[in-house]
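What's in protein_33.cif: mmCIF, C-alpha atoms, pLDDT in the B column; chains and numbers go by the auth columns
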```
data_model
loop_
_atom_site.group_PDB
_atom_site.id
_atom_site.type_symbol
_atom_site.label_atom_id
_atom_site.label_comp_id
_atom_site.label_asym_id
_atom_site.label_seq_id
_atom_site.Cartn_x
_atom_site.Cartn_y
_atom_site.Cartn_z
_atom_site.B_iso_or_equiv
_atom_site.auth_seq_id
_atom_site.auth_asym_id
ATOM 1 C CA MET A 1 0.000 0.000 0.000 75.00 1452 O
ATOM 2 C CA LYS A 2 1.216 3.529 -0.776 79.00 1453 O
ATOM 3 C CA ARG A 3 2.579 5.569 2.114 80.00 1454 O
ATOM 4 C CA THR A 4 1.812 8.970 0.614 86.00 1455 O
ATOM 5 C CA THR A 5 -1.404 10.987 0.892 90.00 1456 O
ATOM 6 C CA LEU A 6 -2.875 10.278 -2.532 94.00 1457 O
ATOM 7 C CA LEU A 7 -4.408 6.805 -2.712 94.00 1458 O
ATOM 8 C CA HIS A 8 -6.489 7.107 -5.913 96.00 1459 O
ATOM 9 C CA ALA A 9 -4.634 4.923 -8.440 95.00 1460 O
ATOM 10 C CA GLU A 10 -5.763 6.673 -11.623 97.00 1461 O
ATOM 11 C CA LEU A 11 -5.015 10.161 -10.289 98.00 1462 O
ATOM 12 C CA SER A 12 -1.665 9.010 -8.939 96.00 1463 O
ATOM 13 C CA ASP A 13 -0.828 7.567 -12.374 97.00 1464 O
ATOM 14 C CA VAL A 14 -1.691 10.833 -14.134 98.00 1465 O
ATOM 15 C CA ILE A 15 0.532 12.835 -11.798 98.00 1466 O
ATOM 16 C CA ALA A 16 3.402 10.382 -12.245 96.00 1467 O
ATOM 17 C CA ARG A 17 3.168 10.814 -16.031 97.00 1468 O
ATOM 18 C CA LEU A 18 3.126 14.645 -16.042 98.00 1469 O
ATOM 19 C CA GLY A 19 6.041 16.421 -17.627 98.00 1470 O
ATOM 20 C CA HIS A 20 7.262 19.965 -17.102 98.00 1471 O
ATOM 21 C CA GLY A 21 4.525 22.392 -18.115 98.00 1472 O
ATOM 22 C CA ASP A 22 1.749 19.803 -18.408 98.00 1473 O
ATOM 23 C CA LEU A 23 -1.638 20.864 -17.053 98.00 1474 O
ATOM 24 C CA LEU A 24 -3.895 19.124 -14.547 98.00 1475 O
ATOM 25 C CA VAL A 25 -7.354 20.587 -13.880 99.00 1476 O
ATOM 26 C CA LEU A 26 -9.268 20.171 -10.635 99.00 1477 O
ATOM 27 C CA GLY A 27 -12.878 21.091 -11.265 98.00 1478 O
ATOM 28 C CA ASP A 28 -16.141 21.492 -9.448 98.00 1479 O
ATOM 29 C CA ALA A 29 -19.063 19.179 -10.203 98.00 1480 O
ATOM 30 C CA GLY A 30 -20.374 21.491 -12.937 97.00 1481 O
ATOM 31 C CA LEU A 31 -17.205 22.244 -14.923 98.00 1482 O
ATOM 32 C CA PRO A 32 -17.697 21.086 -18.513 97.00 1483 O
ATOM 33 C CA ILE A 33 -15.084 18.532 -19.536 97.00 1484 O
ATOM 34 C CA PRO A 34 -14.068 18.793 -23.193 97.00 1485 O
ATOM 35 C CA ASP A 35 -13.211 15.837 -25.391 96.00 1486 O
ATOM 36 C CA GLY A 36 -9.505 15.128 -25.290 96.00 1487 O
ATOM 37 C CA PRO A 37 -8.225 15.334 -21.718 98.00 1488 O
ATOM 38 C CA ARG A 38 -8.468 12.221 -19.590 98.00 1489 O
ATOM 39 C CA ARG A 39 -11.483 12.411 -17.258 98.00 1490 O
ATOM 40 C CA ILE A 40 -11.082 11.329 -13.637 98.00 1491 O
ATOM 41 C CA ASP A 41 -14.433 11.505 -11.895 98.00 1492 O
ATOM 42 C CA LEU A 42 -14.183 11.582 -8.097 98.00 1493 O
ATOM 43 C CA ALA A 43 -17.633 13.100 -7.485 98.00 1494 O
ATOM 44 C CA VAL A 44 -19.713 10.953 -5.135 98.00 1495 O
ATOM 45 C CA SER A 45 -22.404 13.430 -4.086 97.00 1496 O
ATOM 46 C CA ALA A 46 -22.809 17.156 -3.436 98.00 1497 O
ATOM 47 C CA ASN A 47 -19.550 18.377 -1.850 98.00 1498 O
ATOM 48 C CA VAL A 48 -18.017 14.901 -1.647 98.00 1499 O
ATOM 49 C CA PRO A 49 -15.135 15.242 -2.120 98.00 1500 O
ATOM 50 C CA ARG A 50 -14.534 18.967 -1.723 98.00 1501 O
ATOM 51 C CA LEU A 51 -12.128 20.761 -4.043 98.00 1502 O
ATOM 52 C CA GLN A 52 -9.899 21.702 -1.096 98.00 1503 O
ATOM 53 C CA ASP A 53 -9.507 18.046 -0.075 98.00 1504 O
ATOM 54 C CA VAL A 54 -8.529 16.928 -3.565 98.00 1505 O
ATOM 55 C CA LEU A 55 -6.200 19.909 -3.972 98.00 1506 O
ATOM 56 C CA ALA A 56 -4.424 19.040 -0.707 98.00 1507 O
ATOM 57 C CA ALA A 57 -3.859 15.440 -1.806 97.00 1508 O
ATOM 58 C CA VAL A 58 -2.655 16.481 -5.272 98.00 1509 O
ATOM 59 C CA LEU A 59 -0.281 19.117 -3.887 98.00 1510 O
ATOM 60 C CA ALA A 60 1.266 16.465 -1.650 96.00 1511 O
ATOM 61 C CA GLU A 61 2.229 14.497 -4.779 96.00 1512 O
ATOM 62 C CA MET A 62 2.690 17.046 -7.572 97.00 1513 O
ATOM 63 C CA GLN A 63 5.397 19.648 -8.110 98.00 1514 O
ATOM 64 C CA VAL A 64 3.432 22.748 -9.163 98.00 1515 O
ATOM 65 C CA GLU A 65 5.109 25.766 -10.743 98.00 1516 O
ATOM 66 C CA GLY A 66 1.979 27.780 -11.473 98.00 1517 O
ATOM 67 C CA ALA A 67 -1.791 27.789 -11.279 98.00 1518 O
ATOM 68 C CA VAL A 68 -4.752 29.375 -13.022 98.00 1519 O
ATOM 69 C CA ILE A 69 -8.117 30.276 -11.524 98.00 1520 O
ATOM 70 C CA ALA A 70 -11.136 32.119 -12.887 98.00 1521 O
ATOM 71 C CA GLU A 71 -11.243 35.826 -12.075 98.00 1522 O
ATOM 72 C CA GLU A 72 -14.846 35.281 -10.962 98.00 1523 O
ATOM 73 C CA LEU A 73 -13.726 33.017 -8.098 98.00 1524 O
ATOM 74 C CA ALA A 74 -12.684 35.785 -5.667 98.00 1525 O
ATOM 75 C CA PRO A 75 -15.868 37.897 -5.816 98.00 1526 O
ATOM 76 C CA ARG A 76 -18.353 35.030 -6.260 98.00 1527 O
ATOM 77 C CA ASN A 77 -16.835 32.430 -3.935 98.00 1528 O
ATOM 78 C CA PRO A 78 -14.461 34.190 -1.514 98.00 1529 O
ATOM 79 C CA ALA A 79 -14.159 31.303 0.951 98.00 1530 O
ATOM 80 C CA VAL A 80 -12.979 28.821 -1.681 98.00 1531 O
ATOM 81 C CA HIS A 81 -10.752 31.497 -3.232 98.00 1532 O
ATOM 82 C CA ALA A 82 -9.055 32.123 0.116 98.00 1533 O
ATOM 83 C CA GLU A 83 -8.563 28.397 0.723 98.00 1534 O
ATOM 84 C CA VAL A 84 -7.129 27.745 -2.759 98.00 1535 O
ATOM 85 C CA ARG A 85 -4.720 30.677 -2.385 98.00 1536 O
ATOM 86 C CA ARG A 86 -3.713 29.462 1.094 98.00 1537 O
ATOM 87 C CA GLN A 87 -3.030 25.951 -0.162 98.00 1538 O
ATOM 88 C CA LEU A 88 -1.059 27.200 -3.165 98.00 1539 O
ATOM 89 C CA GLY A 89 1.138 29.352 -0.926 98.00 1540 O
ATOM 90 C CA ASP A 90 3.821 31.131 -2.949 97.00 1541 O
ATOM 91 C CA THR A 91 2.856 29.423 -6.222 98.00 1542 O
ATOM 92 C CA PRO A 92 2.254 32.085 -8.909 98.00 1543 O
ATOM 93 C CA VAL A 93 -1.463 32.269 -9.745 98.00 1544 O
ATOM 94 C CA GLN A 94 -2.821 33.659 -13.015 98.00 1545 O
ATOM 95 C CA THR A 95 -6.470 34.636 -13.481 98.00 1546 O
ATOM 96 C CA LEU A 96 -8.581 34.262 -16.612 98.00 1547 O
ATOM 97 C CA SER A 97 -12.233 34.918 -17.278 98.00 1548 O
ATOM 98 C CA HIS A 98 -14.311 31.796 -16.671 98.00 1549 O
ATOM 99 C CA GLU A 99 -14.862 31.459 -20.425 98.00 1550 O
ATOM 100 C CA GLN A 100 -11.105 31.642 -21.080 98.00 1551 O
ATOM 101 C CA PHE A 101 -10.525 29.207 -18.231 98.00 1552 O
ATOM 102 C CA LYS A 102 -12.860 26.654 -19.831 98.00 1553 O
ATOM 103 C CA LEU A 103 -11.000 27.031 -23.154 98.00 1554 O
ATOM 104 C CA ALA A 104 -7.668 26.505 -21.379 98.00 1555 O
ATOM 105 C CA THR A 105 -8.860 23.182 -19.951 98.00 1556 O
ATOM 106 C CA ARG A 106 -8.716 21.733 -23.469 98.00 1557 O
ATOM 107 C CA GLN A 107 -4.902 21.680 -23.152 98.00 1558 O
ATOM 108 C CA ALA A 108 -4.905 19.627 -19.947 98.00 1559 O
ATOM 109 C CA ARG A 109 -3.573 16.082 -19.681 98.00 1560 O
ATOM 110 C CA ALA A 110 -6.454 15.298 -17.330 98.00 1561 O
ATOM 111 C CA ILE A 111 -9.446 16.907 -15.653 98.00 1562 O
ATOM 112 C CA VAL A 112 -10.448 15.760 -12.194 98.00 1563 O
ATOM 113 C CA ARG A 113 -14.129 16.225 -11.358 98.00 1564 O
ATOM 114 C CA THR A 114 -14.728 16.750 -7.654 98.00 1565 O
ATOM 115 C CA GLY A 115 -18.052 16.884 -5.859 98.00 1566 O
ATOM 116 C CA GLU A 116 -17.588 20.594 -5.131 98.00 1567 O
ATOM 117 C CA PHE A 117 -20.947 22.392 -5.316 98.00 1568 O
ATOM 118 C CA SER A 118 -19.871 26.019 -5.259 98.00 1569 O
ATOM 119 C CA PRO A 119 -19.362 28.443 -8.153 98.00 1570 O
ATOM 120 C CA TYR A 120 -16.072 28.812 -10.031 98.00 1571 O
ATOM 121 C CA ALA A 121 -14.295 26.330 -7.733 98.00 1572 O
ATOM 122 C CA ASN A 122 -11.774 25.185 -10.326 98.00 1573 O
ATOM 123 C CA VAL A 123 -8.000 25.368 -10.616 99.00 1574 O
ATOM 124 C CA ILE A 124 -5.516 24.509 -13.351 99.00 1575 O
ATOM 125 C CA LEU A 125 -2.158 23.297 -12.034 98.00 1576 O
ATOM 126 C CA ARG A 126 0.986 23.525 -14.207 98.00 1577 O
ATOM 127 C CA ALA A 127 3.562 20.859 -13.462 98.00 1578 O
ATOM 128 C CA GLY A 128 7.023 21.913 -12.450 98.00 1579 O
ATOM 129 C CA VAL A 129 10.202 19.936 -12.029 96.00 1580 O
ATOM 130 C CA VAL A 130 11.826 18.762 -8.820 91.00 1581 O
ATOM 131 C CA PHE A 131 15.397 19.522 -9.866 89.00 1582 O
#
```
Just give me the structure as structure tokens.
Amino acid sequence: MKRTTLLHAELSDVIARLGHGDLLVLGDAGLPIPDGPRRIDLAVSANVPRLQDVLAAVLAEMQVEGAVIAEELAPRNPAVHAEVRRQLGDTPVQTLSHEQFKLATRQARAIVRTGEFSPYANVILRAGVVF
């Protein structure tokens, strides 16, 4: 059995296969998932699991050099915005309009659907390198 935080085999596999600059999207239950990126559906029911829980597990496994959030997140969902920014720490965060954000998800290696039931609770993570 793995000793690290992330136990989900498919998500762990995706992270292990990421290269420098590859994108991984963590989305709320309503984020549209375009054809192309691998879909990892973790949603069980409303708010299970929460975005913040999935983000914490992913950040324990993934080297992140940058992130993208929708500019609508801060004014429309300040609690989730504050938590995402807290978890990302010093990681540079770019903002895009929600429409631009959805277009950017097309470039992702995978999109992880959480059970998050709050607006604009999505984040794109850009893989860094550990050396």
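Surrounding residues of (-8.2, 13.0, -2.5) at most 8 Å away are Thr1456, Leu1457, Leu1458, His1459, Pro1500, Asp1504, Val1505, Leu1506, Ala1507, Ala1508 and Val1509 of chain O (based on only C-alpha atoms).
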Which range 1506-1577 of chain O residues have any atom within 8 Å of an atom of range 1462-1466 of chain O, and for each, what is the nearest pair of atoms with distance in Å to one decimal, counting only C-alpha atoms, rows sorted by chain and number, as JSON lines?
```
{"residue": "O:Glu1512", "atom": "CA", "partner": "O:Ile1466", "partner_atom": "CA", "distance": 7.4}
{"residue": "O:Met1513", "atom": "CA", "partner": "O:Ile1466", "partner_atom": "CA", "distance": 6.3}
{"residue": "O:Arg1560", "atom": "CA", "partner": "O:Val1465", "partner_atom": "CA", "distance": 7.9}
{"residue": "O:Ala1561", "atom": "CA", "partner": "O:Val1465", "partner_atom": "CA", "distance": 7.3}
```
With C-alpha atoms kept, could you save the residues just selected as a PDB file, in the frame of the given file?
```
ATOM      1  CA  GLU O1512       2.229  14.497  -4.779  1.00 96.00           C
ATOM      2  CA  MET O1513       2.690  17.046  -7.572  1.00 97.00           C
ATOM      3  CA  ARG O1560      -3.573  16.082 -19.681  1.00 98.00           C
ATOM      4  CA  ALA O1561      -6.454  15.298 -17.330  1.00 98.00           C
TER       5      ALA O1561
END
```
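Each of O:Glu1461, O:Asp1541, O:Glu1534, O:Glu1516 was compared to Ile1575 in chain O using only C-alpha atoms, and O:Glu1516 turns out to be the nearest.
Within 9 Å of the point (-15.1, 10.1, -16.2), and counting only C-alpha atoms, the protein, DNA and RNA residues are Arg1489, Arg1490, Ile1491, Asp1492, Leu1493, Ile1562, Val1563 and Arg1564 of chain O.
Using only C-alpha atoms for every distance, the candidate list O:Ile1484, O:Ala1511, O:Ala1521, O:Ala1494 yields O:Ala1521 as the residue closest to Gln1551 in chain O.
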Exercise. Give me the result of the PyMOL selection byres ((chain O and resi 1547) around 10) on this file, residue by residue, as a PyMOL selection string.
Key: chain O and resi 1519-1523+1545-1546+1548-1553+1555
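Minimum atom-to-atom distances from O:Val1581, O:Gly1470, O:Ala1572, O:Gly1478 to Arg1527 in chain O were compared using only C-alpha atoms, and the lowest value belongs to O:Ala1572.
With the shown file loaded, the PyMOL selection byres ((chain O and resi 1569) around 10) picks out Asp1479, Ala1480, Gly1481, Ala1497, Asn1498, Arg1501, Leu1502, Leu1524, Arg1527, Asn1528, Ala1530, Val1531, Gly1566, Glu1567, Phe1568, Pro1570, Tyr1571, Ala1572 and Asn1573 of chain O.
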Write out, as an mmCIF file, in the coordinates of the input, the residues just selected, with C-alpha atoms.
```
data_model
loop_
_atom_site.group_PDB
_atom_site.id
_atom_site.type_symbol
_atom_site.label_atom_id
_atom_site.label_comp_id
_atom_site.auth_asym_id
_atom_site.auth_seq_id
_atom_site.Cartn_x
_atom_site.Cartn_y
_atom_site.Cartn_z
ATOM 1 C CA ASP O 1479 -16.141 21.492 -9.448
ATOM 2 C CA ALA O 1480 -19.063 19.179 -10.203
ATOM 3 C CA GLY O 1481 -20.374 21.491 -12.937
ATOM 4 C CA ALA O 1497 -22.809 17.156 -3.436
ATOM 5 C CA ASN O 1498 -19.550 18.377 -1.850
ATOM 6 C CA ARG O 1501 -14.534 18.967 -1.723
ATOM 7 C CA LEU O 1502 -12.128 20.761 -4.043
ATOM 8 C CA LEU O 1524 -13.726 33.017 -8.098
ATOM 9 C CA ARG O 1527 -18.353 35.030 -6.260
ATOM 10 C CA ASN O 1528 -16.835 32.430 -3.935
ATOM 11 C CA ALA O 1530 -14.159 31.303 0.951
ATOM 12 C CA VAL O 1531 -12.979 28.821 -1.681
ATOM 13 C CA GLY O 1566 -18.052 16.884 -5.859
ATOM 14 C CA GLU O 1567 -17.588 20.594 -5.131
ATOM 15 C CA PHE O 1568 -20.947 22.392 -5.316
ATOM 16 C CA PRO O 1570 -19.362 28.443 -8.153
ATOM 17 C CA TYR O 1571 -16.072 28.812 -10.031
ATOM 18 C CA ALA O 1572 -14.295 26.330 -7.733
ATOM 19 C CA ASN O 1573 -11.774 25.185 -10.326
#
```
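Interatomic distance, CA of Leu1510 in chain O against CA of Thr1455 in chain O: 11.3 Å.
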Run the PyMOL selection byres ((chain O and resi 1540) around 12) mentally over the shown coordinates, then write out the matched residues as a tab-separated table (two decimals) with C-alpha atoms, in the coordinates of the input, using the chain letters and numbers from the document.
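Saved the output as selection_0.tsv:
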```
chain	number	residue	atom	x	y	z
O	1507	ALA	CA	-4.42	19.04	-0.71
O	1510	LEU	CA	-0.28	19.12	-3.89
O	1515	VAL	CA	3.43	22.75	-9.16
O	1516	GLU	CA	5.11	25.77	-10.74
O	1517	GLY	CA	1.98	27.78	-11.47
O	1518	ALA	CA	-1.79	27.79	-11.28
O	1533	ALA	CA	-9.06	32.12	0.12
O	1534	GLU	CA	-8.56	28.40	0.72
O	1535	VAL	CA	-7.13	27.74	-2.76
O	1536	ARG	CA	-4.72	30.68	-2.38
O	1537	ARG	CA	-3.71	29.46	1.09
O	1538	GLN	CA	-3.03	25.95	-0.16
O	1539	LEU	CA	-1.06	27.20	-3.16
O	1541	ASP	CA	3.82	31.13	-2.95
O	1542	THR	CA	2.86	29.42	-6.22
O	1543	PRO	CA	2.25	32.08	-8.91
O	1544	VAL	CA	-1.46	32.27	-9.74
```
Could you write out as JSON the box around range 1488-1501 of chain O (axis-aligned, all atoms listed in the file, 4 Å on each side), with centre and edge lengths in Å to one decimal?
```
{"center_x": -15.5, "center_y": 15.0, "center_z": -11.7, "size_x": 22.6, "size_y": 16.0, "size_z": 28.1}
```
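CA of Val1499 in chain O sits 19.6 Å away from CA of Leu1475 in chain O.
Across the model, the gap from CA of Gly1579 in chain O to CA of Gln1514 in chain O is 5.2 Å.
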